[in-house]
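Coordinates as given in model.pdb (PDB, C-alpha atoms and all ligand atoms):
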```pdb
MODEL        1
ATOM      1  CA  MET A   1      22.895  -6.174  -6.258
ATOM      2  CA  GLU A   2      24.500  -3.165  -4.587
ATOM      3  CA  VAL A   3      23.339  -1.592  -1.346
ATOM      4  CA  PHE A   4      23.435   2.198  -0.978
ATOM      5  CA  THR A   5      22.753   4.364   2.044
ATOM      6  CA  THR A   6      23.073   7.768   0.337
ATOM      7  CA  PRO A   7      21.374   8.965  -2.848
ATOM      8  CA  ALA A   8      24.227  10.392  -4.948
ATOM      9  CA  PRO A   9      26.190   7.107  -5.399
ATOM     10  CA  LEU A  10      22.910   5.287  -6.029
ATOM     11  CA  ARG A  11      21.987   7.727  -8.798
ATOM     12  CA  ARG A  12      25.474   7.470 -10.300
ATOM     13  CA  HIS A  13      25.122   3.682 -10.328
ATOM     14  CA  MET A  14      21.710   3.856 -12.040
ATOM     15  CA  GLU A  15      22.993   6.383 -14.617
ATOM     16  CA  GLN A  16      24.270   3.502 -16.802
ATOM     17  CA  PHE A  17      20.660   2.411 -17.453
ATOM     18  CA  ARG A  18      19.039   5.798 -18.071
ATOM     19  CA  GLY A  19      17.663   6.202 -21.553
ATOM     20  CA  ALA A  20      17.867   2.472 -22.290
ATOM     21  CA  ALA A  21      15.108   1.336 -19.924
ATOM     22  CA  PRO A  22      12.952   3.005 -17.270
ATOM     23  CA  VAL A  23      14.445   3.016 -13.788
ATOM     24  CA  VAL A  24      11.883   1.336 -11.529
ATOM     25  CA  LEU A  25      11.521   2.116  -7.819
ATOM     26  CA  VAL A  26       9.816  -0.297  -5.433
ATOM     27  CA  PRO A  27       9.440   1.617  -2.157
ATOM     28  CA  THR A  28       9.114  -0.612   0.938
ATOM     29  CA  MET A  29       9.487  -0.480   4.690
ATOM     30  CA  GLY A  30      11.294  -3.844   4.683
ATOM     31  CA  ALA A  31      10.011  -6.943   6.521
ATOM     32  CA  LEU A  32       9.597  -8.251   2.999
ATOM     33  CA  HIS A  33       7.158 -10.983   2.071
ATOM     34  CA  GLU A  34       5.889 -12.573  -1.128
ATOM     35  CA  GLY A  35       3.697  -9.514  -1.816
ATOM     36  CA  HIS A  36       6.778  -7.261  -1.993
ATOM     37  CA  LEU A  37       8.641  -9.830  -4.098
ATOM     38  CA  GLU A  38       5.798  -9.766  -6.606
ATOM     39  CA  LEU A  39       6.148  -5.962  -6.864
ATOM     40  CA  VAL A  40       9.853  -6.470  -7.553
ATOM     41  CA  ARG A  41       9.249  -9.196 -10.158
ATOM     42  CA  LYS A  42       6.692  -7.073 -11.991
ATOM     43  CA  GLY A  43       8.982  -4.051 -11.725
ATOM     44  CA  ALA A  44      11.886  -6.033 -13.183
ATOM     45  CA  GLU A  45       9.807  -6.768 -16.290
ATOM     46  CA  MET A  46       9.844  -3.013 -16.972
ATOM     47  CA  GLY A  47      13.451  -2.068 -16.204
ATOM     48  CA  PRO A  48      16.301  -2.104 -13.669
ATOM     49  CA  VAL A  49      14.859  -2.098 -10.150
ATOM     50  CA  VAL A  50      15.815  -0.074  -7.084
ATOM     51  CA  VAL A  51      14.169  -1.326  -3.876
ATOM     52  CA  SER A  52      14.098   1.183  -1.036
ATOM     53  CA  ILE A  53      13.898  -0.084   2.533
ATOM     54  CA  PHE A  54      13.019   2.624   5.032
ATOM     55  CA  VAL A  55      10.722   2.410   8.055
ATOM     56  CA  ASN A  56       9.302   5.908   7.763
ATOM     57  CA  PRO A  57       8.706   7.422  11.204
ATOM     58  CA  THR A  58       6.442  10.218   9.965
ATOM     59  CA  GLN A  59       3.667   7.893   8.765
ATOM     60  CA  PHE A  60       3.180   6.293  12.197
ATOM     61  CA  GLY A  61       0.906   8.023  14.696
ATOM     62  CA  PRO A  62       1.419   8.180  18.461
ATOM     63  CA  GLY A  63       0.804   4.743  19.980
ATOM     64  CA  GLU A  64       1.192   2.978  16.620
ATOM     65  CA  ASP A  65       3.762   0.263  15.927
ATOM     66  CA  PHE A  66       6.782   2.284  14.703
ATOM     67  CA  GLU A  67       9.058   0.967  17.466
ATOM     68  CA  LYS A  68       8.100  -2.660  17.065
ATOM     69  CA  TYR A  69       7.722  -2.650  13.268
ATOM     70  CA  PRO A  70       9.753  -5.713  12.139
ATOM     71  CA  ARG A  71      13.237  -4.836  10.865
ATOM     72  CA  ASP A  72      15.525  -7.531   9.427
ATOM     73  CA  LEU A  73      17.739  -6.092   6.720
ATOM     74  CA  GLU A  74      19.853  -9.225   6.240
ATOM     75  CA  SER A  75      16.844 -11.422   5.590
ATOM     76  CA  ASP A  76      15.330  -8.739   3.277
ATOM     77  CA  LEU A  77      18.541  -8.639   1.230
ATOM     78  CA  GLU A  78      18.600 -12.459   1.032
ATOM     79  CA  MET A  79      15.078 -12.432  -0.388
ATOM     80  CA  LEU A  80      15.941  -9.762  -2.968
ATOM     81  CA  ARG A  81      19.213 -11.287  -4.211
ATOM     82  CA  PRO A  82      17.712 -13.971  -6.518
ATOM     83  CA  LEU A  83      15.351 -11.449  -8.146
ATOM     84  CA  GLY A  84      17.931  -9.545 -10.175
ATOM     85  CA  VAL A  85      17.447  -6.300  -8.234
ATOM     86  CA  GLU A  86      19.953  -3.694  -9.390
ATOM     87  CA  ALA A  87      20.206  -1.653  -6.206
ATOM     88  CA  VAL A  88      18.831  -1.495  -2.680
ATOM     89  CA  PHE A  89      18.536   1.921  -1.072
ATOM     90  CA  VAL A  90      18.614   1.881   2.743
ATOM     91  CA  PRO A  91      18.798   5.507   3.883
ATOM     92  CA  SER A  92      18.964   6.586   7.519
ATOM     93  CA  VAL A  93      16.304   8.820   9.060
ATOM     94  CA  SER A  94      18.696  11.788   8.940
ATOM     95  CA  GLU A  95      19.472  11.104   5.259
ATOM     96  CA  VAL A  96      15.773  11.333   4.441
ATOM     97  CA  TYR A  97      14.735  14.062   6.867
ATOM     98  CA  GLY A  98      17.946  15.969   7.658
ATOM     99  CA  THR A  99      19.018  16.838  11.165
ATOM    100  CA  GLY A 100      17.480  19.554  13.229
ATOM    101  CA  GLU A 101      15.617  21.393  10.485
ATOM    102  CA  GLU A 102      11.869  21.578  10.130
ATOM    103  CA  GLY A 103      11.696  20.482   6.530
ATOM    104  CA  VAL A 104       9.048  20.590   3.843
ATOM    105  CA  THR A 105       6.139  18.201   4.209
ATOM    106  CA  ILE A 106       3.402  17.297   1.743
ATOM    107  CA  GLN A 107      -0.242  17.510   2.737
ATOM    108  CA  PRO A 108      -2.525  15.080   0.901
ATOM    109  CA  GLY A 109      -5.591  16.089  -1.094
ATOM    110  CA  ASP A 110      -9.130  14.787  -0.800
ATOM    111  CA  ARG A 111      -8.149  11.168  -1.545
ATOM    112  CA  ALA A 112      -6.899  11.047   2.042
ATOM    113  CA  ARG A 113     -10.359  11.797   3.451
ATOM    114  CA  GLY A 114     -12.168   8.884   5.066
ATOM    115  CA  LEU A 115     -10.967   5.286   5.463
ATOM    116  CA  CYS A 116      -7.377   5.111   6.784
ATOM    117  CA  GLY A 117      -6.922   8.874   6.342
ATOM    118  CA  GLU A 118      -9.614   9.499   8.933
ATOM    119  CA  ARG A 119      -8.512   6.752  11.333
ATOM    120  CA  ARG A 120      -4.795   7.575  11.151
ATOM    121  CA  PRO A 121      -4.453  11.387  11.233
ATOM    122  CA  GLY A 122      -1.200  12.522   9.621
ATOM    123  CA  HIS A 123      -0.502   9.093   8.132
ATOM    124  CA  PHE A 124      -0.834  10.087   4.477
ATOM    125  CA  ALA A 125       1.097  13.324   4.964
ATOM    126  CA  GLY A 126       3.932  11.103   6.231
ATOM    127  CA  VAL A 127       3.554   8.721   3.286
ATOM    128  CA  LEU A 128       3.525  11.523   0.696
ATOM    129  CA  THR A 129       6.437  13.317   2.301
ATOM    130  CA  VAL A 130       8.625  10.229   2.249
ATOM    131  CA  VAL A 131       7.501   9.112  -1.223
ATOM    132  CA  ALA A 132       8.219  12.597  -2.641
ATOM    133  CA  ARG A 133      11.646  12.559  -0.988
ATOM    134  CA  LEU A 134      12.372   9.052  -2.290
ATOM    135  CA  PHE A 135      11.310  10.143  -5.780
ATOM    136  CA  GLY A 136      13.709  13.095  -5.493
ATOM    137  CA  MET A 137      16.563  10.927  -4.241
ATOM    138  CA  VAL A 138      16.164   7.981  -6.648
ATOM    139  CA  ARG A 139      14.561   9.824  -9.645
ATOM    140  CA  PRO A 140      12.668   6.776 -10.907
ATOM    141  CA  ASP A 141      10.767   6.700 -14.191
ATOM    142  CA  VAL A 142       8.317   4.151 -12.755
ATOM    143  CA  ALA A 143       7.225   3.474  -9.167
ATOM    144  CA  VAL A 144       5.451   0.266  -8.182
ATOM    145  CA  PHE A 145       2.973  -0.007  -5.296
ATOM    146  CA  GLY A 146       0.819  -2.814  -3.923
ATOM    147  CA  ARG A 147      -2.928  -2.565  -4.457
ATOM    148  CA  LYS A 148      -3.542  -3.746  -0.887
ATOM    149  CA  ASP A 149      -2.855  -0.152   0.141
ATOM    150  CA  ALA A 150      -5.536   1.134  -2.206
ATOM    151  CA  GLN A 151      -6.051   4.517  -0.581
ATOM    152  CA  GLN A 152      -2.277   5.029  -0.455
ATOM    153  CA  CYS A 153      -2.144   4.374  -4.220
ATOM    154  CA  LEU A 154      -4.882   6.969  -4.851
ATOM    155  CA  VAL A 155      -3.334   9.569  -2.525
ATOM    156  CA  ILE A 156       0.058   9.163  -4.257
ATOM    157  CA  LYS A 157      -1.574   9.316  -7.687
ATOM    158  CA  GLN A 158      -3.193  12.630  -6.746
ATOM    159  CA  MET A 159       0.194  14.014  -5.619
ATOM    160  CA  VAL A 160       1.924  12.875  -8.817
ATOM    161  CA  ASN A 161      -0.839  14.380 -10.968
ATOM    162  CA  ASN A 162      -1.114  17.648  -9.040
ATOM    163  CA  LEU A 163       2.652  18.210  -8.891
ATOM    164  CA  HIS A 164       3.230  16.910 -12.451
ATOM    165  CA  LEU A 165       5.943  14.603 -11.168
ATOM    166  CA  PRO A 166       7.652  12.746 -14.042
ATOM    167  CA  VAL A 167       7.013   9.260 -12.701
ATOM    168  CA  LYS A 168       4.616   6.587 -13.904
ATOM    169  CA  LEU A 169       2.733   4.766 -11.145
ATOM    170  CA  VAL A 170       1.953   1.064 -11.443
ATOM    171  CA  ASP A 171      -0.201  -0.886  -8.973
ATOM    172  CA  ILE A 172       0.124  -4.634  -8.563
ATOM    173  CA  PRO A 173      -2.714  -6.913  -7.378
ATOM    174  CA  THR A 174      -2.639  -8.072  -3.768
ATOM    175  CA  VAL A 175      -0.837 -11.353  -3.108
ATOM    176  CA  ARG A 176      -2.806 -13.633  -0.788
ATOM    177  CA  GLU A 177      -2.166 -16.620   1.467
ATOM    178  CA  PRO A 178      -3.927 -19.845   0.351
ATOM    179  CA  ASP A 179      -6.897 -19.001   2.626
ATOM    180  CA  GLY A 180      -7.215 -15.534   1.107
ATOM    181  CA  LEU A 181      -5.564 -13.425   3.823
ATOM    182  CA  ALA A 182      -3.756 -10.523   2.161
ATOM    183  CA  MET A 183      -0.010 -10.702   2.740
ATOM    184  CA  SER A 184       1.205  -7.999   5.099
ATOM    185  CA  SER A 185       4.266  -7.431   7.247
ATOM    186  CA  ARG A 186       1.846  -6.972  10.163
ATOM    187  CA  ASN A 187       0.570 -10.580   9.822
ATOM    188  CA  ARG A 188       3.725 -11.457  11.804
ATOM    189  CA  TYR A 189       2.080  -9.971  14.896
ATOM    190  CA  LEU A 190      -0.692 -12.622  14.873
ATOM    191  CA  ASN A 191      -0.721 -15.822  16.941
ATOM    192  CA  ASP A 192      -2.405 -18.932  15.466
ATOM    193  CA  GLU A 193      -5.848 -18.127  16.808
ATOM    194  CA  GLN A 194      -5.686 -14.501  15.631
ATOM    195  CA  ARG A 195      -4.279 -15.592  12.272
ATOM    196  CA  GLN A 196      -7.405 -17.721  11.735
ATOM    197  CA  ARG A 197      -9.748 -14.890  12.676
ATOM    198  CA  ALA A 198      -7.865 -12.485  10.378
ATOM    199  CA  THR A 199      -9.602 -14.201   7.450
ATOM    200  CA  CYS A 200     -12.716 -12.205   8.408
ATOM    201  CA  LEU A 201     -11.380  -9.377   6.195
ATOM    202  CA  ILE A 202     -11.344 -11.467   3.027
ATOM    203  CA  ALA A 203     -14.618 -13.108   4.087
ATOM    204  CA  ALA A 204     -16.232  -9.657   4.327
ATOM    205  CA  LEU A 205     -14.942  -8.646   0.897
ATOM    206  CA  ARG A 206     -16.084 -11.917  -0.671
ATOM    207  CA  ALA A 207     -19.548 -11.393   0.813
ATOM    208  CA  GLY A 208     -19.588  -7.911  -0.747
ATOM    209  CA  GLU A 209     -18.472  -9.375  -4.060
ATOM    210  CA  GLN A 210     -21.236 -12.001  -3.904
ATOM    211  CA  LEU A 211     -23.865  -9.334  -3.346
ATOM    212  CA  LEU A 212     -22.610  -7.431  -6.385
ATOM    213  CA  HIS A 213     -22.767 -10.595  -8.506
ATOM    214  CA  ALA A 214     -26.310 -11.148  -7.198
ATOM    215  CA  GLY A 215     -27.230  -7.711  -8.544
ATOM    216  CA  VAL A 216     -27.259  -5.859  -5.204
ATOM    217  CA  PHE A 217     -25.906  -2.370  -5.896
ATOM    218  CA  ASP A 218     -27.180  -0.715  -2.730
ATOM    219  CA  ALA A 219     -23.938   0.397  -1.047
ATOM    220  CA  ARG A 220     -25.567   0.492   2.411
ATOM    221  CA  GLU A 221     -26.385  -3.205   2.161
ATOM    222  CA  LEU A 222     -22.822  -4.072   1.200
ATOM    223  CA  ARG A 223     -21.396  -1.929   4.021
ATOM    224  CA  ARG A 224     -23.744  -3.539   6.542
ATOM    225  CA  THR A 225     -22.941  -7.080   5.400
ATOM    226  CA  MET A 226     -19.187  -6.527   5.371
ATOM    227  CA  TRP A 227     -19.272  -4.743   8.750
ATOM    228  CA  ASP A 228     -21.221  -7.609  10.390
ATOM    229  CA  ILE A 229     -18.625 -10.137   9.234
ATOM    230  CA  LEU A 230     -15.779  -7.959  10.558
ATOM    231  CA  ALA A 231     -17.640  -7.472  13.841
ATOM    232  CA  GLU A 232     -17.934 -11.209  14.291
ATOM    233  CA  GLY A 233     -14.372 -12.198  13.401
ATOM    234  CA  SER A 234     -12.199  -9.307  14.529
ATOM    235  CA  ASP A 235     -11.522  -7.715  17.898
ATOM    236  CA  GLU A 236     -12.523  -4.297  16.611
ATOM    237  CA  PRO A 237     -13.931  -3.516  13.176
ATOM    238  CA  ASP A 238     -12.615  -0.202  11.879
ATOM    239  CA  TYR A 239     -14.436   0.374   8.607
ATOM    240  CA  ALA A 240     -16.326  -1.450   5.862
ATOM    241  CA  GLU A 241     -16.647   0.985   2.994
ATOM    242  CA  VAL A 242     -17.801   1.233  -0.599
ATOM    243  CA  VAL A 243     -16.047   4.020  -2.490
ATOM    244  CA  CYS A 244     -16.245   5.321  -6.045
ATOM    245  CA  VAL A 245     -12.612   5.156  -7.230
ATOM    246  CA  ASP A 246     -12.854   8.064  -9.673
ATOM    247  CA  THR A 247     -14.472  10.623  -7.338
ATOM    248  CA  PHE A 248     -13.484   9.100  -3.999
ATOM    249  CA  THR A 249     -17.027   9.595  -2.736
ATOM    250  CA  GLN A 250     -19.181   7.079  -0.909
ATOM    251  CA  PRO A 251     -22.177   6.417  -3.131
ATOM    252  CA  ASP A 252     -25.593   5.068  -2.165
ATOM    253  CA  LEU A 253     -25.943   3.305  -5.502
ATOM    254  CA  ILE A 254     -22.892   1.457  -6.799
ATOM    255  CA  THR A 255     -21.807   2.085 -10.369
ATOM    256  CA  GLY A 256     -18.488   2.443 -12.240
ATOM    257  CA  ASN A 257     -15.079   1.694 -10.766
ATOM    258  CA  THR A 258     -15.761   0.768  -7.149
ATOM    259  CA  LEU A 259     -13.529  -0.006  -4.184
ATOM    260  CA  LEU A 260     -14.725  -2.291  -1.407
ATOM    261  CA  ALA A 261     -12.392  -1.561   1.518
ATOM    262  CA  VAL A 262     -12.227  -3.047   5.016
ATOM    263  CA  ALA A 263     -10.073  -2.513   8.086
ATOM    264  CA  ALA A 264     -10.155  -4.190  11.480
ATOM    265  CA  ARG A 265      -7.981  -4.898  14.485
ATOM    266  CA  VAL A 266      -7.223  -8.553  15.167
ATOM    267  CA  GLY A 267      -5.143  -9.025  18.304
ATOM    268  CA  PRO A 268      -2.294  -6.512  18.115
ATOM    269  CA  ALA A 269      -2.542  -5.971  14.341
ATOM    270  CA  ARG A 270      -4.576  -3.404  12.447
ATOM    271  CA  LEU A 271      -5.234  -5.074   9.090
ATOM    272  CA  ILE A 272      -6.642  -3.659   5.854
ATOM    273  CA  ASP A 273      -7.801  -5.237   2.621
ATOM    274  CA  ASN A 274      -9.830  -4.331  -0.470
ATOM    275  CA  MET A 275     -11.188  -5.402  -3.836
ATOM    276  CA  VAL A 276     -11.879  -3.253  -6.905
ATOM    277  CA  PHE A 277     -14.768  -3.887  -9.302
ATOM    278  CA  ARG A 278     -16.170  -2.205 -12.348
ATOM    279  CA  ILE A 279     -19.970  -2.108 -12.489
ATOM    280  CA  SER A 280     -21.393  -1.203 -15.843
ATOM    281  CA  ASP A 281     -24.955  -1.929 -17.011
ATOM    282  CA  HIS A 282     -25.355  -4.225 -13.998
ATOM    283  CA  ALA A 283     -22.372  -6.331 -15.131
ATOM    284  CA  VAL A 284     -19.559  -6.822 -12.599
ATOM    285  CA  SER A 285     -15.953  -7.159 -13.783
ATOM    286  CA  PRO A 286     -12.516  -6.517 -12.241
ATOM    287  CA  GLY A 287     -11.950  -2.786 -11.748
ATOM    288  CA  CYS A 288      -8.798  -0.730 -11.878
ATOM    289  CA  LEU A 289      -7.185   1.584  -9.380
ATOM    290  CA  LEU A 290      -4.407   3.579 -11.058
ATOM    291  CA  GLY A 291      -4.713   2.636 -14.721
TER     292      GLY A 291
HETATM  293  O1  LIG A 301       3.532   0.932   1.557
HETATM  294  C1  LIG A 301       4.559   1.104   2.241
HETATM  295  O2  LIG A 301       5.299   0.177   2.558
HETATM  296  C2  LIG A 301       4.897   2.517   2.700
HETATM  297  O3  LIG A 301       3.762   3.242   3.011
HETATM  298  C3  LIG A 301       5.771   3.275   1.678
HETATM  299  C4  LIG A 301       5.045   3.497   0.369
HETATM  300  C5  LIG A 301       7.060   2.493   1.424
HETATM  301  C6  LIG A 301       6.158   4.645   2.239
HETATM  302  O4  LIG A 301       6.846   4.535   3.431
ENDMDL
END
```
Mind turning this structure into structure tokens?
Amino acid sequence: MEVFTTPAPLRRHMEQFRGAAPVVLVPTMGALHEGHLELVRKGAEMGPVVVSIFVNPTQFGPGEDFEKYPRDLESDLEMLRPLGVEAVFVPSVSEVYGTGEEGVTIQPGDRARGLCGERRPGHFAGVLTVVARLFGMVRPDVAVFGRKDAQQCLVIKQMVNNLHLPVKLVDIPTVREPDGLAMSSRNRYLNDEQRQRATCLIAALRAGEQLLHAGVFDARELRRTMWDILAEGSDEPDYAEVVCVDTFTQPDLITGNTLLAVAARVGPARLIDNMVFRISDHAVSPGCLLG
């Protein structure tokens, strides 16, 4: 496993694999956990993996946790070593964004409306700008993202489609703690009491899922139920939404590929989670996000 801080030597290193197998990029902001490792394992089934580690300043808003976002490169590298990762790309801020110039940024399309896009103005422009730059620097054939960031997956998919970028996107199901809490680097901010209450996100989603299985397809009822559970367990519920994946609209009556998405603040951490279902002829089955 080689570590690179600039793109040209990284690309030269990956040249040996091109044509034989797809080069797979797993973009991360470090502070790796089992969820990231699962992205890497799944990526490695497809081809040689490059993991990028870059805490991207442009996707954090004023007053958000950019400064205190956990950074521990040595421990990240230790976790990646046994996984057969080919290269780790750890660029500096000036490598990604240049120095002193006002560079090109990417504005998201309508998939960034609502949910986190509404609550975190500028967040998805920052995500798309860095992902586009990482794609340009690494030139992957495949890029792997976690489904926990469902809206991020959809916003990136829209960019890749609209710009005809030659990269295949793959989303990997959320990895959960035994009690259902979605793994997240921000779980590190929680003390024991907050950690327990953080399960209100998965509890809200499971309640939504139960309603669907009981034949309740009224989106307002699901939103209300999920919101009430967040309101009880969290310090500040942010949203409890039901979204049609294909149109990214918020339906009254649930049908087709449907995203249940929740966000709430627990202690110092803003947490998000989601589930995707397919509803067809009143039957409920697992849905898909990018596929
Ligand atoms: O999901 C993340 O960790 C980040 O948003 C990403 C995709 C690495 C871009 O900074």
Quiz prompt | Resolved residues for the PyMOL selection byres (((not hetatm)) within 6 of (chain A and resi 301)) as a VMD selection string | solution = chain A and resid 27 to 29 56 127 131
Practice problem: Expand the PyMOL selection byres (((chain A and resi 186) around 9) and not hetatm) into the individual residues it matches in the shown file, reporting them as a ChimeraX atom specification. | Solution: /A:31,69-70,183-185,187-190,268-271
Quiz prompt | Interatomic distance, atom CA of A:Asn191 to atom CA of A:Leu205 (Å, one decimal) | solution =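 Interatomic distance, atom CA of A:Asn191 to atom CA of A:Leu205: 22.6 Å.
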Do a neighbour search on stretch 209-219 of chain A at 6 Å with all atoms listed in the file, toss out local chain neighbours closer than 6 positions, and write the hits as a PDB file with C-alpha atoms, in the frame of the given file.
```pdb
ATOM      1  CA  ASP A 252     -25.593   5.068  -2.165  1.00  0.00           C
ATOM      2  CA  LEU A 253     -25.943   3.305  -5.502  1.00  0.00           C
ATOM      3  CA  ILE A 254     -22.892   1.457  -6.799  1.00  0.00           C
TER       4      ILE A 254
END
```
Practice problem: Enumerate, as a list in words, the residues matched when the PyMOL selection byres (((chain A and resi 137-149) around 7) and not hetatm) is run on the file above. | Solution: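 That selection, the PyMOL selection byres (((chain A and resi 137-149) around 7) and not hetatm), comes back as Pro7, Arg11, Pro22, Val23, Val24, Leu25, Val26, Leu39, Gly43, Arg133, Leu134, Phe135, Gly136, Ala150, Gln151, Gln152, Cys153, Pro166, Val167, Lys168, Leu169, Val170, Asp171, Ile172, Pro173, Thr174, Asp273 and Asn274 of chain A.
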Quiz item: Given the choices A:Leu80, A:Leu289, A:Ala21, A:Leu222, which gets closest to A:Pro251 if the distance is worked out from only C-alpha atoms?
Solution: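 Closest residue, counting only C-alpha atoms: A:Leu222.
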Stretch 180-216 of chain A near stretch 233-247 of chain A within 12 Å: what's each residue's closest atom pair and its distance in Å to one decimal, counting all atoms listed in the file, ordered by chain then ascending residue number, as CSV?
```
residue,atom,partner,partner_atom,distance
A:Leu190,CA,A:Ser234,CA,12.0
A:Glu193,CA,A:Gly233,CA,10.9
A:Gln194,CA,A:Ser234,CA,8.4
A:Arg195,CA,A:Ser234,CA,10.4
A:Gln196,CA,A:Gly233,CA,9.0
A:Arg197,CA,A:Gly233,CA,5.4
A:Ala198,CA,A:Ser234,CA,6.8
A:Thr199,CA,A:Gly233,CA,7.9
A:Cys200,CA,A:Gly233,CA,5.3
A:Leu201,CA,A:Gly233,CA,8.3
A:Ile202,CA,A:Gly233,CA,10.8
A:Ala203,CA,A:Gly233,CA,9.4
A:Ala204,CA,A:Ala240,CA,8.3
A:Leu205,CA,A:Ala240,CA,8.9
A:Ala207,CA,A:Ala240,CA,11.6
A:Gly208,CA,A:Val242,CA,9.3
A:Glu209,CA,A:Val242,CA,11.2
A:Leu212,CA,A:Val242,CA,11.5
```
Dump C-alpha atoms for the selected residues as a PDB file, in the coordinates of the input?
```
ATOM      1  CA  LEU A 190      -0.692 -12.622  14.873  1.00  0.00           C
ATOM      2  CA  GLU A 193      -5.848 -18.127  16.808  1.00  0.00           C
ATOM      3  CA  GLN A 194      -5.686 -14.501  15.631  1.00  0.00           C
ATOM      4  CA  ARG A 195      -4.279 -15.592  12.272  1.00  0.00           C
ATOM      5  CA  GLN A 196      -7.405 -17.721  11.735  1.00  0.00           C
ATOM      6  CA  ARG A 197      -9.748 -14.890  12.676  1.00  0.00           C
ATOM      7  CA  ALA A 198      -7.865 -12.485  10.378  1.00  0.00           C
ATOM      8  CA  THR A 199      -9.602 -14.201   7.450  1.00  0.00           C
ATOM      9  CA  CYS A 200     -12.716 -12.205   8.408  1.00  0.00           C
ATOM     10  CA  LEU A 201     -11.380  -9.377   6.195  1.00  0.00           C
ATOM     11  CA  ILE A 202     -11.344 -11.467   3.027  1.00  0.00           C
ATOM     12  CA  ALA A 203     -14.618 -13.108   4.087  1.00  0.00           C
ATOM     13  CA  ALA A 204     -16.232  -9.657   4.327  1.00  0.00           C
ATOM     14  CA  LEU A 205     -14.942  -8.646   0.897  1.00  0.00           C
ATOM     15  CA  ALA A 207     -19.548 -11.393   0.813  1.00  0.00           C
ATOM     16  CA  GLY A 208     -19.588  -7.911  -0.747  1.00  0.00           C
ATOM     17  CA  GLU A 209     -18.472  -9.375  -4.060  1.00  0.00           C
ATOM     18  CA  LEU A 212     -22.610  -7.431  -6.385  1.00  0.00           C
TER      19      LEU A 212
END
```
Practice problem: Identify which of the residues A:Val40, A:Cys116, A:Leu259, A:Val93 lies closest to A:Arg278, counting all atoms listed in the file when measuring atom-to-atom distances. | Solution: A:Leu259
Exercise. Return the single residue from A:Met14, A:Val175, A:Ile229, A:Val284 that is closest to A:Thr255, with distances computed using all atoms listed in the file.
Key: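 Closest to A:Thr255 of all the choices is A:Val284.
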Quiz prompt | Distance criterion (only C-alpha atoms): nearest to A:Asp281 out of A:Gly126, A:Glu177, A:Gly256, A:Arg71 | solution =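 Among the listed residues, A:Gly256 lies closest to A:Asp281.
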Quiz item: Any idea what the distance is between atom CA of A:Phe66 and atom CA of A:Glu2?
Solution: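 Between atom CA of A:Phe66 and atom CA of A:Glu2 the gap is 26.8 Å.
Between atom CA of A:Gln16 and atom CA of A:Val85 lies a distance of 14.7 Å.
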Completion of stretch 32-44 of chain A up to N, CA and C atoms, as a PDB file, keeping the file's coordinate frame:
```pdb
ATOM      1  N   LEU A  32      10.133  -7.866   4.309  1.00  0.00           N
ATOM      2  CA  LEU A  32       9.597  -8.251   2.999  1.00  0.00           C
ATOM      3  C   LEU A  32       8.899  -9.608   3.053  1.00  0.00           C
ATOM      4  N   HIS A  33       7.879  -9.724   2.228  1.00  0.00           N
ATOM      5  CA  HIS A  33       7.158 -10.983   2.071  1.00  0.00           C
ATOM      6  C   HIS A  33       6.852 -11.152   0.589  1.00  0.00           C
ATOM      7  N   GLU A  34       6.153 -12.239   0.266  1.00  0.00           N
ATOM      8  CA  GLU A  34       5.889 -12.573  -1.128  1.00  0.00           C
ATOM      9  C   GLU A  34       5.192 -11.423  -1.885  1.00  0.00           C
ATOM     10  N   GLY A  35       4.368 -10.648  -1.172  1.00  0.00           N
ATOM     11  CA  GLY A  35       3.697  -9.514  -1.816  1.00  0.00           C
ATOM     12  C   GLY A  35       4.712  -8.508  -2.342  1.00  0.00           C
ATOM     13  N   HIS A  36       5.730  -8.187  -1.529  1.00  0.00           N
ATOM     14  CA  HIS A  36       6.778  -7.261  -1.993  1.00  0.00           C
ATOM     15  C   HIS A  36       7.549  -7.877  -3.170  1.00  0.00           C
ATOM     16  N   LEU A  37       7.827  -9.191  -3.050  1.00  0.00           N
ATOM     17  CA  LEU A  37       8.641  -9.830  -4.098  1.00  0.00           C
ATOM     18  C   LEU A  37       7.908  -9.784  -5.443  1.00  0.00           C
ATOM     19  N   GLU A  38       6.589  -9.858  -5.373  1.00  0.00           N
ATOM     20  CA  GLU A  38       5.798  -9.766  -6.606  1.00  0.00           C
ATOM     21  C   GLU A  38       5.923  -8.354  -7.214  1.00  0.00           C
ATOM     22  N   LEU A  39       5.940  -7.325  -6.353  1.00  0.00           N
ATOM     23  CA  LEU A  39       6.148  -5.962  -6.864  1.00  0.00           C
ATOM     24  C   LEU A  39       7.504  -5.889  -7.574  1.00  0.00           C
ATOM     25  N   VAL A  40       8.506  -6.516  -6.972  1.00  0.00           N
ATOM     26  CA  VAL A  40       9.853  -6.470  -7.553  1.00  0.00           C
ATOM     27  C   VAL A  40       9.879  -7.224  -8.885  1.00  0.00           C
ATOM     28  N   ARG A  41       9.254  -8.410  -8.909  1.00  0.00           N
ATOM     29  CA  ARG A  41       9.249  -9.196 -10.158  1.00  0.00           C
ATOM     30  C   ARG A  41       8.568  -8.422 -11.278  1.00  0.00           C
ATOM     31  N   LYS A  42       7.423  -7.835 -10.965  1.00  0.00           N
ATOM     32  CA  LYS A  42       6.692  -7.073 -11.991  1.00  0.00           C
ATOM     33  C   LYS A  42       7.502  -5.835 -12.402  1.00  0.00           C
ATOM     34  N   GLY A  43       8.139  -5.212 -11.419  1.00  0.00           N
ATOM     35  CA  GLY A  43       8.982  -4.051 -11.725  1.00  0.00           C
ATOM     36  C   GLY A  43      10.120  -4.432 -12.650  1.00  0.00           C
ATOM     37  N   ALA A  44      10.725  -5.600 -12.396  1.00  0.00           N
ATOM     38  CA  ALA A  44      11.886  -6.033 -13.183  1.00  0.00           C
ATOM     39  C   ALA A  44      11.511  -6.330 -14.630  1.00  0.00           C
TER      40      ALA A  44
END
```
